[in-house]
Amino acid sequence: MEEVGEILYIDAADEPFYNETSVFPAKGDNRLSNTEKFLLAMAYGFRNRAEKEITRRVGGGFFRRSYLQPEHYALIYSVISAHTGGDPGILLDQARVLQIAQRLAHGGAVLAQTDPDFKKGCWVEKLEESIFQWLERKDDSNAEKTNTAG
Amino acid sequence: MRIEEIKLQNYRQYADAAIRFEPAGNHDLHIVLGDNGLGKTNLMNAVEWCLYGEEYHLSAKSAAGLDMLHQPPAGMPQEFGSAIKVQVDISWQSGKAACYGSFRREIDTHETFAFLSNADDDSKVYEGNDARRWVERFIPRGMRDKYFFDAEQLLHFFDANDPGTIKNALFKLSRVKVLDTVISHLDDLRTDLQKKSSGGLSGKINDLVQEKERLKKEQTQAQKDLDGACDDQKKAREGLDSVDMELRKTADAHDLDARRQRLEKDREDVRETLAQKTHQRTLLVTRIYPTLACLEALIAFQAVLLKKEENKEIPPRVAPEVIRAILDKDHVCLCGEPISEGDDHYKRLAELLSLVENTSRFGEIVNTKVRGGVPALLTGAKKDVTLAREIMQEIDDLNTRITTVQRELSDIHDSLLGLDIQRIDALERSRSSFVQHLEFSSGRIGQQKRLLVSSADRLQQLEGDLDKAMQQANVAKATLSRIAVVDRARQACDNARQERIGLIRSAVEHDFQDRLGELMWKTQSFASVDLDINYGVHVRDDRGHDALGTMSQGETQAVAIAFTLALHTVSGYEGPLMIDAPLAKTTGRMRQNMAQMLLELSKSKQVVMFVMPSEFTSEAKEVFQGNTATFNELVQGRYEKETTFGMRG
């Protein structure tokens with residue numbers, strides 16, 4: 001069984017993504033932690049099926065595994081479970097779970113950097129738009145369910 | 001001048017007496033003979049009292065014991081009243097005309113003194129100082145002792161008359177004193193005139209003129225400054241009016257500008273808030289995105305877990321110690337038979353137990369890491385979405401507000417279009433500058449006006465001073481010419497004085513020499529006379545030795561008379577000579593010579609002698625017999641102390 005590492009890593013090519021201030025404003029106390037940034041990249045990679053192997057691991061790692069909270073695990077496990085076909089048995093291989101999570105985050109970061117909106121500094125607006133589209137769709141879906149039930 | 005008559009009333013021995021000295025023949029010689037105590041000396045006193053108000057020849061006893069006023073000698077009644085009166089009638093030649101006058105001094109209730117002029121063309125009474133001026137014309141008071149002598153006085157003539165006194169007398173007699181007085185007066189006059197002429201006047205005028213010029217320049221400069229200040233004031237006022245006119249057109253520009261500035265600040269504030277909100281939105285979006293992006297996976301995962309729980313497919317956790325305990329070789333049996341570690345069954349069992357142990361971890365993972373995670377994520381996402389919507393709304397509001405502000409700013413900009421705030425500020429600054437100029441020029445105008453008024457006052461005063469100074473200068477100019485006259489007069493007086501002194505000295509010496517030659521028969525012992533530089537009198541023998549100290553009393557008297565007569569000659573005052581007891585100190589030939597000298601003297605001037613019978617000896621009689629003009633004798637009157645005059649043939 002693969003050993004679960006204590007440190008999670010990102011690829012060196014991801015650094016421009018994590019340092020982009022239009023996405024992660026550097027100022028202010030209220031900002032995302034590296035864990036949250038990692039989860040954003042992972043979610044973007046999962047959403048766009050962009051898994052990519054890390055080739056150049058950044059030195060000391062991005063964050064410690066111990067920083068992960070239950071909701072972080074819930075997200076990671078849900079994504080990995082869905083990404084690997086829906087079998088939660090994958091969770092028994094924690095090292096693989098985290099490895100896939102790292103590869104999805106790398107894929108998401110790389111993909112984002114290639115997005116023209118990212119280069120224009122309005123990538124967050126694009127995310128925002130997506131969010132509200134999903135919410136509208138969800139609202140429509142709920143309304144439809146209600147109508148059908150009625 | 002000569003004495004014609006002496007009238008006495010209630011004067012000492014003389015109750016009412018008069019004695020006339022009429023000239024007769026070639027000699028104007030008059031003898032009054034009288035014993036001691038009959039009043040010879042008092043007759044001379046009476047003349048001096050009448051003329052000078054004093055009795056110079058009164059003896060010490062008489063002066064102490066007899067008060068002349070209202071006190072006639074003892075035993076003599078005041079039958080002629082209480083008034084004391086002495087009158088001296090005199091005569092003099094004025095050209096060819098004979099003139100007469102009378103000095104009269106009288107004491108009754110008070111003392112009076114008068115001179116009665118009986119000249120044909122001037123019959124008049126002079127009193128007080130006017131009368132005294134006539135005395136000075138007759139025999140001046142200062143020369144009195146050179147005309148009224150007694151024998152004693154003659155004996156001590158040179159004791160009493162030291163060189164200084166003689167010089168003084170000479171100068172008095174010869175009018176040098178008068179010249180000295182005139183010179184002194186001229187000097188005083190010159191000093192006064194010099195003071196009046198004010199030596200520094202021209203300097204003062206120059207100072208005043210310079211001051212006037214300076215003031216005029218100051219006035220001109222002040223006027224220029226005033227004109228300049230007026231121009232500045234006018235320009236400042238015009239400029240101020242112009243600026244005010246322009247500023248009136250832009251009355252609310254500043255309000256608009258202030259509003260614009262407030263709006264711009266609001267816009268900045270809104271933008272700052274917008275940036276904060278945008279930051280919050282970004283934060284929320286990046287936080288929400290993972291949950292919503294993976295929402296389906298989450299829901300599916302949660303559904304699987306729920307299903308497994310419902311199906312009880314989630315095994316309980318089997319502790320590793322339990323597995324190890326099962327695999328303990330002492331306990332592992334197959335169908336009741338222990339199996340060893342190397343046995344295949346043992347290995348399969350170990351793998352099976354390991355799988356059980358591993359599978360039991362799934363429950364642990366789900367329970368410890370995932371349980372509650374999905375709901376928490378969804379709940380958090382829901383809250384964040386709500387918050388994001390609020391923020392989105394706020395952002396929209398802020399953007400709307402910015403748009404509104406921007407529109408208002410645009411309106412203000414349109415309102416201010418054509419109005420240059422910087423120009424308005426420049427106009428305001430110009431206005432302040434013009435106001436300052438106006439105040440400054442007004443201050444300057446006031447200052448220059450005050451200066452002009454002050455200068456005008458000072459100039460007026462200065463012109464007054466200058467006029468005065470010019471008048472004084474004119475006076476000074478006239479005074480200077482007067483000073484020149486005074487200087488010339490003084491020079492003339494000084495010349496006359498020097499000349500006079502020279503003449504006096506030579507005249508005195510010459511006349512003295514002549515007179516002494518007449519008196520002295522010892523021509524070798526008393527060969528010559530001279531005056532030294534200090535006017536000391538020297539009688540020298542034929543070898544030039546001073547012989548004055550070796551003379552007898554008679555010779556001394558003769559020298560004194562000779563010197564006195566010389567003084568008379570040079571003085572020009574040809575008054576009478578009155579001598580009391582002239583022959584008393586002489587005897588023999590000397591007495592005869594003395595008498596002869598007096599006789600000779602009477603040819604040229606009136607000589608009145610008061611003689612005692614003891615000195616009127618044969619030597620004297622021989623000389624005087626038939627040569628006297630009058631010969632009066634003092635005789636006792638009706639009373640013991642009364643004296644009257646008796647004529648002798």
# chains A, B, ... in the order shown; residues from 1 in each chain; ligands from 1

$ residues_around --residues "Phe301 of chain B" --least-positions-apart "4" --cutoff "8 Å" --atoms "only C-alpha atoms" --output "list in words"
Tyr77, Ser78, Ser81, Ala82, Gly86 and Pro88 of chain A; Ala297 and Leu305 of chain B

$ residues_around --residues "segment 145-158 of chain B" --least-positions-apart "2" --cutoff "7 Å" --atoms "only C-alpha atoms" --output "ChimeraX atom specification"
/B:143,160-162,553,556-557,560,564,576-582,584

$ interface_residues --of "chain B" --to "chain A" --cutoff "7 Å" --atoms "only C-alpha atoms" --output "PyMOL selection string"
chain B and resi 279+282-283+285-286+289-290+292-294+297-298+301+362+369-370+373-374+376-377

$ residues_around --residues "segment 120-136 of chain B" --least-positions-apart "4" --cutoff "12 Å" --atoms "only C-alpha atoms" --output "PDB file with N, CA and C atoms, in the first residue's frame"
ATOM      1  N   MET B   1      36.704 182.004  34.366  1.00  0.00           N
ATOM      2  CA  MET B   1      35.601 182.161  35.317  1.00  0.00           C
ATOM      3  C   MET B   1      36.143 182.705  36.637  1.00  0.00           C
ATOM      4  N   VAL B  47      31.952 178.205  50.191  1.00  0.00           N
ATOM      5  CA  VAL B  47      31.965 178.115  48.718  1.00  0.00           C
ATOM      6  C   VAL B  47      31.848 176.649  48.276  1.00  0.00           C
ATOM      7  N   GLU B  48      32.639 175.791  48.934  1.00  0.00           N
ATOM      8  CA  GLU B  48      32.618 174.367  48.521  1.00  0.00           C
ATOM      9  C   GLU B  48      31.272 173.724  48.850  1.00  0.00           C
ATOM     10  N   TRP B  49      30.700 174.098  50.013  1.00  0.00           N
ATOM     11  CA  TRP B  49      29.375 173.558  50.359  1.00  0.00           C
ATOM     12  C   TRP B  49      28.325 173.956  49.323  1.00  0.00           C
ATOM     13  N   CYS B  50      28.449 175.281  48.949  1.00  0.00           N
ATOM     14  CA  CYS B  50      27.486 175.752  47.953  1.00  0.00           C
ATOM     15  C   CYS B  50      27.629 174.966  46.648  1.00  0.00           C
ATOM     16  N   LEU B  51      28.911 174.777  46.243  1.00  0.00           N
ATOM     17  CA  LEU B  51      29.120 174.125  44.939  1.00  0.00           C
ATOM     18  C   LEU B  51      28.914 172.606  44.998  1.00  0.00           C
ATOM     19  N   TYR B  52      29.441 171.984  46.058  1.00  0.00           N
ATOM     20  CA  TYR B  52      29.487 170.494  46.063  1.00  0.00           C
ATOM     21  C   TYR B  52      28.641 169.866  47.161  1.00  0.00           C
ATOM     22  N   GLY B  53      28.122 170.699  48.080  1.00  0.00           N
ATOM     23  CA  GLY B  53      27.287 170.156  49.156  1.00  0.00           C
ATOM     24  C   GLY B  53      28.098 169.567  50.282  1.00  0.00           C
ATOM     25  N   VAL B  88      26.942 181.771  45.570  1.00  0.00           N
ATOM     26  CA  VAL B  88      28.223 182.155  44.969  1.00  0.00           C
ATOM     27  C   VAL B  88      27.912 182.696  43.580  1.00  0.00           C
ATOM     28  N   ASP B  89      28.185 184.012  43.415  1.00  0.00           N
ATOM     29  CA  ASP B  89      27.944 184.635  42.104  1.00  0.00           C
ATOM     30  C   ASP B  89      29.240 184.537  41.301  1.00  0.00           C
ATOM     31  N   ILE B  90      29.082 184.122  40.073  1.00  0.00           N
ATOM     32  CA  ILE B  90      30.284 183.975  39.237  1.00  0.00           C
ATOM     33  C   ILE B  90      30.074 184.743  37.935  1.00  0.00           C
ATOM     34  N   TRP B  92      31.795 184.913  33.697  1.00  0.00           N
ATOM     35  CA  TRP B  92      32.708 184.321  32.710  1.00  0.00           C
ATOM     36  C   TRP B  92      32.538 185.004  31.377  1.00  0.00           C
ATOM     37  N   SER B  94      31.913 184.847  27.484  1.00  0.00           N
ATOM     38  CA  SER B  94      31.428 183.994  26.392  1.00  0.00           C
ATOM     39  C   SER B  94      31.632 184.799  25.122  1.00  0.00           C
ATOM     40  N   ALA B  97      31.218 188.655  25.234  1.00  0.00           N
ATOM     41  CA  ALA B  97      30.182 189.023  26.207  1.00  0.00           C
ATOM     42  C   ALA B  97      30.523 188.503  27.583  1.00  0.00           C
ATOM     43  N   ALA B  98      30.209 189.332  28.581  1.00  0.00           N
ATOM     44  CA  ALA B  98      30.381 188.911  29.962  1.00  0.00           C
ATOM     45  C   ALA B  98      29.090 188.250  30.421  1.00  0.00           C
ATOM     46  N   CYS B  99      29.253 187.089  31.054  1.00  0.00           N
ATOM     47  CA  CYS B  99      28.077 186.353  31.526  1.00  0.00           C
ATOM     48  C   CYS B  99      28.150 186.241  33.039  1.00  0.00           C
ATOM     49  N   TYR B 100      26.949 186.126  33.625  1.00  0.00           N
ATOM     50  CA  TYR B 100      26.874 186.046  35.088  1.00  0.00           C
ATOM     51  C   TYR B 100      25.937 184.919  35.477  1.00  0.00           C
ATOM     52  N   GLY B 101      26.256 184.409  36.630  1.00  0.00           N
ATOM     53  CA  GLY B 101      25.372 183.366  37.139  1.00  0.00           C
ATOM     54  C   GLY B 101      25.589 183.203  38.629  1.00  0.00           C
ATOM     55  N   SER B 102      24.680 182.481  39.255  1.00  0.00           N
ATOM     56  CA  SER B 102      24.776 182.310  40.705  1.00  0.00           C
ATOM     57  C   SER B 102      24.462 180.864  41.069  1.00  0.00           C
ATOM     58  N   PHE B 103      25.398 180.276  41.871  1.00  0.00           N
ATOM     59  CA  PHE B 103      25.098 178.987  42.481  1.00  0.00           C
ATOM     60  C   PHE B 103      24.442 179.261  43.824  1.00  0.00           C
ATOM     61  N   ARG B 104      23.388 178.544  44.114  1.00  0.00           N
ATOM     62  CA  ARG B 104      22.714 178.794  45.384  1.00  0.00           C
ATOM     63  C   ARG B 104      22.311 177.455  46.010  1.00  0.00           C
ATOM     64  N   ARG B 105      22.808 177.261  47.269  1.00  0.00           N
ATOM     65  CA  ARG B 105      22.397 176.067  48.011  1.00  0.00           C
ATOM     66  C   ARG B 105      21.710 176.534  49.270  1.00  0.00           C
ATOM     67  N   GLU B 111      16.849 170.468  51.444  1.00  0.00           N
ATOM     68  CA  GLU B 111      17.993 171.097  50.779  1.00  0.00           C
ATOM     69  C   GLU B 111      17.695 171.280  49.299  1.00  0.00           C
ATOM     70  N   THR B 112      18.029 172.493  48.815  1.00  0.00           N
ATOM     71  CA  THR B 112      17.850 172.750  47.376  1.00  0.00           C
ATOM     72  C   THR B 112      19.149 173.293  46.825  1.00  0.00           C
ATOM     73  N   PHE B 113      19.364 173.040  45.565  1.00  0.00           N
ATOM     74  CA  PHE B 113      20.561 173.548  44.893  1.00  0.00           C
ATOM     75  C   PHE B 113      20.158 174.012  43.503  1.00  0.00           C
ATOM     76  N   ALA B 114      20.631 175.158  43.135  1.00  0.00           N
ATOM     77  CA  ALA B 114      20.222 175.695  41.828  1.00  0.00           C
ATOM     78  C   ALA B 114      21.331 176.575  41.283  1.00  0.00           C
ATOM     79  N   PHE B 115      21.261 176.741  39.971  1.00  0.00           N
ATOM     80  CA  PHE B 115      22.153 177.681  39.298  1.00  0.00           C
ATOM     81  C   PHE B 115      21.286 178.645  38.495  1.00  0.00           C
ATOM     82  N   LEU B 116      21.523 179.916  38.731  1.00  0.00           N
ATOM     83  CA  LEU B 116      20.746 180.946  38.037  1.00  0.00           C
ATOM     84  C   LEU B 116      21.650 181.591  36.992  1.00  0.00           C
ATOM     85  N   PRO B 140      35.214 171.437  38.236  1.00  0.00           N
ATOM     86  CA  PRO B 140      34.680 170.086  38.427  1.00  0.00           C
ATOM     87  C   PRO B 140      34.991 169.572  39.832  1.00  0.00           C
ATOM     88  N   ARG B 141      34.064 168.768  40.332  1.00  0.00           N
ATOM     89  CA  ARG B 141      34.221 168.237  41.696  1.00  0.00           C
ATOM     90  C   ARG B 141      35.549 167.484  41.830  1.00  0.00           C
ATOM     91  N   GLY B 142      35.908 166.743  40.802  1.00  0.00           N
ATOM     92  CA  GLY B 142      37.126 165.955  40.872  1.00  0.00           C
ATOM     93  C   GLY B 142      38.382 166.805  40.942  1.00  0.00           C
ATOM     94  N   MET B 143      38.288 168.062  40.574  1.00  0.00           N
ATOM     95  CA  MET B 143      39.465 168.932  40.576  1.00  0.00           C
ATOM     96  C   MET B 143      39.405 169.974  41.691  1.00  0.00           C
ATOM     97  N   ARG B 144      38.376 169.798  42.498  1.00  0.00           N
ATOM     98  CA  ARG B 144      38.150 170.798  43.548  1.00  0.00           C
ATOM     99  C   ARG B 144      39.399 171.059  44.387  1.00  0.00           C
ATOM    100  N   LYS B 172      42.388 163.915  34.644  1.00  0.00           N
ATOM    101  CA  LYS B 172      41.099 164.578  34.842  1.00  0.00           C
ATOM    102  C   LYS B 172      41.151 165.999  34.301  1.00  0.00           C
ATOM    103  N   LEU B 173      42.213 166.653  34.703  1.00  0.00           N
ATOM    104  CA  LEU B 173      42.322 168.063  34.314  1.00  0.00           C
ATOM    105  C   LEU B 173      42.433 168.211  32.808  1.00  0.00           C
ATOM    106  N   TYR B 573      40.564 174.726  32.849  1.00  0.00           N
ATOM    107  CA  TYR B 573      39.615 175.289  33.817  1.00  0.00           C
ATOM    108  C   TYR B 573      40.315 176.453  34.538  1.00  0.00           C
ATOM    109  N   GLY B 575      39.533 178.478  36.724  1.00  0.00           N
ATOM    110  CA  GLY B 575      38.763 178.926  37.870  1.00  0.00           C
ATOM    111  C   GLY B 575      39.640 179.685  38.850  1.00  0.00           C
TER     112      GLY B 575
END

$ atom_distance --atom1 "atom CA of Asn593 of chain B" --atom2 "atom CA of Glu518 of chain B"
8.1 Å

$ atom_distance --atom1 "atom CA of Thr644 of chain B" --atom2 "atom CA of Gln9 of chain B"
11.1 Å

$ atom_distance --atom1 "atom CA of Ser506 of chain B" --atom2 "atom CA of Ala566 of chain B"
10.6 Å

$ select_by_dssp --residues "chain A" --states "alpha helix (DSSP H)" --output "ChimeraX atom specification"
/A:15-18,34-47,70-83,94-114,116-120,123-149

$ closest_residue --among "B:Glu272, B:Arg262, B:Ile166, B:Gly25" --to "Leu409 of chain B" --atoms "only C-alpha atoms"
B:Arg262

$ select_by_dssp --residues "segment 4-140 of chain A" --states "strand (DSSP E or B)" --output "list in words"
Ile7, Leu8, Asp11, Arg57, Phe63 and Arg64 of chain A

$ write_last_selection --atoms "N, CA and C atoms" --output "tab-separated table (two decimals), in the first residue's frame"
chain	number	residue	atom	x	y	z
A	7	ILE	N	3.06	15.90	3.43
A	7	ILE	CA	3.11	17.19	2.74
A	7	ILE	C	2.45	17.07	1.37
A	8	LEU	N	1.66	18.09	1.00
A	8	LEU	CA	1.08	18.12	-0.34
A	8	LEU	C	1.86	19.13	-1.18
A	11	ASP	N	3.09	21.88	-8.59
A	11	ASP	CA	4.14	21.92	-9.60
A	11	ASP	C	4.66	23.35	-9.71
A	57	ARG	N	8.14	19.23	-8.64
A	57	ARG	CA	7.54	19.51	-7.36
A	57	ARG	C	8.22	20.72	-6.71
A	63	PHE	N	1.34	22.70	1.49
A	63	PHE	CA	0.76	22.76	2.84
A	63	PHE	C	0.83	21.37	3.46
A	64	ARG	N	0.61	21.33	4.76
A	64	ARG	CA	0.65	20.06	5.49
A	64	ARG	C	-0.72	19.39	5.44

$ closest_residue --among "B:Leu215, B:Val405, B:Val304, B:Ile107" --to "Leu459 of chain B" --atoms "only C-alpha atoms"
B:Leu215

$ residues_around --residues "Gly502 of chain B" --least-positions-apart "5" --cutoff "12 Å" --atoms "only C-alpha atoms" --output "VMD selection string"
chain B and resid 170 to 171 174 176 495 to 497 507 to 509 531 533 535 570

$ residues_around --residues "Arg361 of chain B" --least-positions-apart "6" --cutoff "9 Å" --atoms "only C-alpha atoms" --output "list of chain:residue names"
A:Leu92, B:Pro315, B:Pro316, B:Arg317, B:Val318

$ write_last_selection --atoms "C-alpha atoms" --output "compact mmCIF listing (two decimals), in the first residue's frame"
# COMPACT_ATOMS: atom_id res chain seq x y z
CA LEU A 92 -8.89 3.15 1.54
CA PRO B 315 -17.85 -2.11 8.76
CA PRO B 316 -16.96 -1.34 12.30
CA ARG B 317 -13.35 -0.63 13.05
CA VAL B 318 -11.36 -3.73 13.91

$ closest_residue --among "B:His57, B:Lys621, B:Arg237, B:Lys196" --to "Ala476 of chain B" --atoms "only C-alpha atoms"
B:Lys196

$ residues_around --residues "Glu439 of chain B" --least-positions-apart "6" --cutoff "10 Å" --atoms "only C-alpha atoms" --output "number ranges by chain"
B: 233, 236, 433, 445

$ write_last_selection --atoms "C-alpha atoms" --output "mmCIF file, in the first residue's frame"
data_model
loop_
_atom_site.group_PDB
_atom_site.id
_atom_site.type_symbol
_atom_site.label_atom_id
_atom_site.label_comp_id
_atom_site.auth_asym_id
_atom_site.auth_seq_id
_atom_site.Cartn_x
_atom_site.Cartn_y
_atom_site.Cartn_z
ATOM 1 C CA GLN B 233 -4.238 103.948 -5.158
ATOM 2 C CA ALA B 236 -5.331 99.506 -7.222
ATOM 3 C CA SER B 433 -3.065 91.963 -3.837
ATOM 4 C CA ILE B 445 -0.954 108.977 1.112
#
